[in-house]
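Engineer: Just passing along the structure, written as structure tokens.
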Amino acid sequence: MPAIRMFSLALAAISALSPTAVNAAPTLTTLYSFQGGVGDGAGPLDQLTFVGGTLYGTTFIGGPNASGTIFSYNIATKTEAIVYAFKGEPDGAGPKAGLIYSHDTFYGTTQNGGTTDKGTVFAFSTSTGESVLHSFAGGTTDGEGPQAAVTYLGGFLYGTTRIGGGTGCYASTGCGTIFRINSKTGQLSLLYDFQGGADGNYPNAALTIADGIMFSITHGGGGTKCFGGAGCGTVFEYDPTTKAYMQLHAFQGGATDGALPMGSLVLAGGLLYGTTIEGGGTGCGGAGCGTIFSINPVTGAYTNLTNFNGTDGDHPQGGLTLSVHRGFDTTTATTLAFGPTTGGGTSSKGTIFQFNLLKNKETVLYNFTGGADGGDPSGALTESPPRGGPFYGTTYLGGASQSGTLFQFKP
């Protein structure tokens, strides 16, 4: 059982000072439709980053070199621009993850490209352009194929690669790694190599850091169910100081547990919250439509909070976005989480949902149609400042050219 540890991040208590306001109906506005081809990116997959009135993100494909892009969208002028087009070699290709911003620099990963086509960690500045911090080489001494965003802490970037780090798992490519990289020098250190057994395999979400401890998920491994007996995924913690890894939960699927977690974990009130794309019943072809769960990082106590059923969405890939400044009433403080499902809903093109963490209540706020409004939203939502501002997000498909959209959503 995990060692007892005190966490400094706690659930914000919100006191209601006036009667509950009557909110308007939720509205979604398509701000931009990606065009694809050589002139624009296509297929945005992850969360947007809000910096000074401008949204920044990545597209998985498209652009002049068909290797993906970094784009910006100015909210005031309503203009989109490619600020960098990936070339493949040596700068990277296929960025699945979004960007993080620190000290006037964006950082991110590409799944492919680089000197050996096994992915990169890169830095990008609007003044100096893109530079590769590390090109992954795979094998037993390096990771390969990063799919998640990095996390910045104290001058270092921390992240995961989906494969690499050994000779186990599918096609003997390795089961994935946790790495640290110096944001200035690019020096990389492998912190942990997944073995594919109880510790899990294929980590594909960013690391959530609380009091110096890292928490995240693996998409597979951890047990004997799912993937033909290879495991349904795990929640884990890793202490970079002691180099100690600990499994907090091994998913089992079925009616009372999730399977195949995706999306980064969020911390509220001393609990970690996340989503799985399967499990939680027998819907969606028998595998379950996905779940929202919580886990206590101190005790390891796991709770399956809600099961998606398809009509309210299915396969939530993007994870949750907390908004502690919304939804309070005159009697109790409520903390709300928002997120997308990639599929399901009235048109089977995905939904935006709201989840009340205190009441364990999920509500569908919007159903995508796959037309002008987009479809298959895969990344977490970004809440704009000031607190309580609208959310922004992307869809992988849909829009005028079926290359994805960028939207604004007001709950």
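Identifiers in the structure tokens: chain A, B, ... in order shown; residue index from 1 per chain; ligand index from 1 in order shown.
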Using only C-alpha atoms, what does the table of stretch 119-167 of chain A residues within 9 Å of stretch 180-190 of chain A look like, with each row giving the shortest atom pair and its distance in Å to one decimal, sorted by chain and ascending number, as JSON lines?
Structural biologist:
{"residue": "A:Val121", "atom": "CA", "partner": "A:Ile181", "partner_atom": "CA", "distance": 8.7}
{"residue": "A:Ala123", "atom": "CA", "partner": "A:Ser183", "partner_atom": "CA", "distance": 8.2}
{"residue": "A:Val132", "atom": "CA", "partner": "A:Gly186", "partner_atom": "CA", "distance": 8.2}
{"residue": "A:Leu133", "atom": "CA", "partner": "A:Gly186", "partner_atom": "CA", "distance": 4.6}
{"residue": "A:His134", "atom": "CA", "partner": "A:Gly186", "partner_atom": "CA", "distance": 6.0}
{"residue": "A:Thr141", "atom": "CA", "partner": "A:Leu190", "partner_atom": "CA", "distance": 7.7}
{"residue": "A:Asp142", "atom": "CA", "partner": "A:Leu190", "partner_atom": "CA", "distance": 6.9}
{"residue": "A:Gly143", "atom": "CA", "partner": "A:Leu190", "partner_atom": "CA", "distance": 7.9}
{"residue": "A:Tyr152", "atom": "CA", "partner": "A:Ser183", "partner_atom": "CA", "distance": 8.5}
{"residue": "A:Gly155", "atom": "CA", "partner": "A:Ser183", "partner_atom": "CA", "distance": 5.9}
{"residue": "A:Phe156", "atom": "CA", "partner": "A:Asn182", "partner_atom": "CA", "distance": 4.7}
{"residue": "A:Leu157", "atom": "CA", "partner": "A:Ile181", "partner_atom": "CA", "distance": 5.1}
{"residue": "A:Tyr158", "atom": "CA", "partner": "A:Arg180", "partner_atom": "CA", "distance": 4.6}
{"residue": "A:Gly159", "atom": "CA", "partner": "A:Arg180", "partner_atom": "CA", "distance": 6.6}
{"residue": "A:Thr160", "atom": "CA", "partner": "A:Arg180", "partner_atom": "CA", "distance": 8.8}
{"residue": "A:Gly165", "atom": "CA", "partner": "A:Leu190", "partner_atom": "CA", "distance": 8.2}
Engineer: Taking the backbone alone, and naming residues the way the document does, which bits of stretch 74-322 of chain A are strand (DSSP E) by DSSP, as an NGL selection string?
Structural biologist: :A and (74 or 79-85 or 100-102 or 105-110 or 120-125 or 129-135 or 143-144 or 151-153 or 156-161 or 163-164 or 177-182 or 188-193 or 208-210 or 213-218 or 234-239 or 244-250 or 258-268 or 271-279 or 291-295 or 302-307 or 321-322)
Engineer: Now that the selection is made, can you save its residues with C-alpha atoms as a compact mmCIF listing (two decimals), in the first residue's frame?
Structural biologist:
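New file again11.txt:
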# COMPACT_ATOMS: atom_id res chain seq x y z
CA ASN A 74 -5.53 34.94 -32.17
CA THR A 79 -6.92 34.50 -37.37
CA GLU A 80 -5.10 31.17 -37.53
CA ALA A 81 -1.51 30.75 -38.67
CA ILE A 82 1.04 27.98 -39.01
CA VAL A 83 3.93 29.12 -36.86
CA TYR A 84 6.03 26.02 -37.55
CA ALA A 85 5.76 23.13 -40.01
CA ILE A 100 3.45 23.50 -22.49
CA TYR A 101 4.74 27.05 -22.02
CA SER A 102 7.49 28.19 -19.66
CA THR A 105 9.31 28.91 -24.71
CA PHE A 106 6.94 26.16 -25.80
CA TYR A 107 7.93 22.53 -25.29
CA GLY A 108 6.45 19.43 -26.87
CA THR A 109 6.97 15.99 -28.35
CA THR A 110 6.57 14.33 -31.73
CA THR A 120 11.61 13.93 -30.49
CA VAL A 121 11.37 16.41 -27.65
CA PHE A 122 11.47 19.93 -29.03
CA ALA A 123 11.50 23.56 -27.95
CA PHE A 124 9.80 26.33 -29.87
CA SER A 125 10.00 30.11 -29.57
CA GLY A 129 11.88 29.03 -34.05
CA GLU A 130 12.10 25.29 -33.32
CA SER A 131 15.01 23.30 -31.96
CA VAL A 132 15.28 19.59 -31.17
CA LEU A 133 16.27 18.87 -27.60
CA HIS A 134 16.42 15.11 -28.06
CA SER A 135 15.87 12.57 -30.82
CA GLY A 143 12.65 5.60 -25.24
CA GLU A 144 10.66 5.71 -28.46
CA THR A 151 5.79 18.52 -17.71
CA TYR A 152 8.14 21.36 -16.69
CA LEU A 153 9.65 21.44 -13.21
CA PHE A 156 13.75 20.00 -16.38
CA LEU A 157 11.15 18.42 -18.63
CA TYR A 158 9.60 15.16 -17.47
CA GLY A 159 7.68 12.85 -19.75
CA THR A 160 6.94 9.36 -21.02
CA THR A 161 7.52 7.40 -24.19
CA ILE A 163 7.56 2.19 -26.17
CA GLY A 164 11.32 1.75 -25.94
CA THR A 177 9.84 4.78 -20.28
CA ILE A 178 9.78 7.76 -17.95
CA PHE A 179 12.44 10.33 -18.83
CA ARG A 180 13.88 13.63 -17.68
CA ILE A 181 15.54 16.13 -19.98
CA ASN A 182 17.44 19.33 -19.24
CA LEU A 188 18.29 13.17 -21.24
CA SER A 189 18.16 10.65 -18.42
CA LEU A 190 15.94 7.57 -18.38
CA LEU A 191 14.29 7.37 -14.99
CA TYR A 192 12.28 4.19 -15.38
CA ASP A 193 11.80 1.35 -17.88
CA THR A 208 0.95 14.94 -12.99
CA ILE A 209 3.37 16.20 -10.32
CA ALA A 210 2.30 16.88 -6.74
CA ILE A 213 5.80 12.87 -6.77
CA MET A 214 4.73 11.92 -10.29
CA PHE A 215 1.44 10.24 -11.12
CA SER A 216 0.18 8.92 -14.41
CA ILE A 217 -1.30 5.93 -16.23
CA THR A 218 -0.24 3.15 -18.53
CA THR A 234 -2.55 0.93 -14.46
CA VAL A 235 -2.36 4.05 -12.33
CA PHE A 236 1.15 4.50 -10.93
CA GLU A 237 3.31 6.83 -8.90
CA TYR A 238 7.01 7.48 -9.33
CA ASP A 239 9.33 9.26 -6.93
CA ALA A 244 10.75 4.22 -6.47
CA TYR A 245 7.88 3.04 -8.69
CA MET A 246 4.56 1.93 -7.19
CA GLN A 247 1.40 0.63 -8.80
CA LEU A 248 -1.67 2.29 -7.32
CA HIS A 249 -4.31 0.43 -9.32
CA ALA A 250 -4.53 -2.27 -11.97
CA GLY A 258 -12.50 0.86 -16.21
CA ALA A 259 -10.06 -0.38 -18.82
CA LEU A 260 -7.42 1.22 -21.02
CA PRO A 261 -7.00 4.62 -19.33
CA MET A 262 -6.18 7.66 -21.44
CA GLY A 263 -5.74 11.32 -20.61
CA SER A 264 -3.74 12.94 -17.84
CA LEU A 265 -4.78 12.69 -14.20
CA VAL A 266 -5.97 15.75 -12.30
CA LEU A 267 -5.74 16.32 -8.54
CA ALA A 268 -8.54 17.81 -6.45
CA LEU A 271 -7.85 12.62 -4.94
CA LEU A 272 -6.66 11.88 -8.45
CA TYR A 273 -9.33 11.81 -11.17
CA GLY A 274 -9.09 10.30 -14.62
CA THR A 275 -10.87 8.53 -17.47
CA THR A 276 -10.71 5.18 -19.26
CA ILE A 277 -11.81 4.60 -22.84
CA GLU A 278 -13.30 1.17 -22.14
CA GLY A 279 -14.77 -0.71 -19.21
CA THR A 291 -15.47 5.48 -17.14
CA ILE A 292 -14.56 8.34 -14.84
CA PHE A 293 -12.65 7.23 -11.75
CA SER A 294 -10.95 8.57 -8.65
CA ILE A 295 -8.06 7.16 -6.67
CA TYR A 302 -10.06 3.32 -6.07
CA THR A 303 -13.62 4.34 -6.93
CA ASN A 304 -15.39 3.90 -10.25
CA LEU A 305 -17.48 7.08 -10.32
CA THR A 306 -19.54 6.76 -13.47
CA ASN A 307 -19.91 4.59 -16.57
CA THR A 321 -10.35 19.80 -16.93
CA LEU A 322 -11.15 21.06 -13.43
Engineer: As a list in words, please: the residues near stretch 360-376 of chain A (cut-off 6 Å, only C-alpha atoms, same-chain neighbours under 2 positions excluded).
Structural biologist: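 Skipping anything fewer than 2 positions along the chain leaves Thr30, Asp312, Thr342, Gly343, Gly345, Ser347, Lys349, Gly350, Thr351, Ile352, Phe353, Gln354, Phe355, Asn356, Leu357, Leu358, Thr395, Tyr396, Leu397, Gly398, Gly399, Ala400, Gly404 and Thr405 of chain A.
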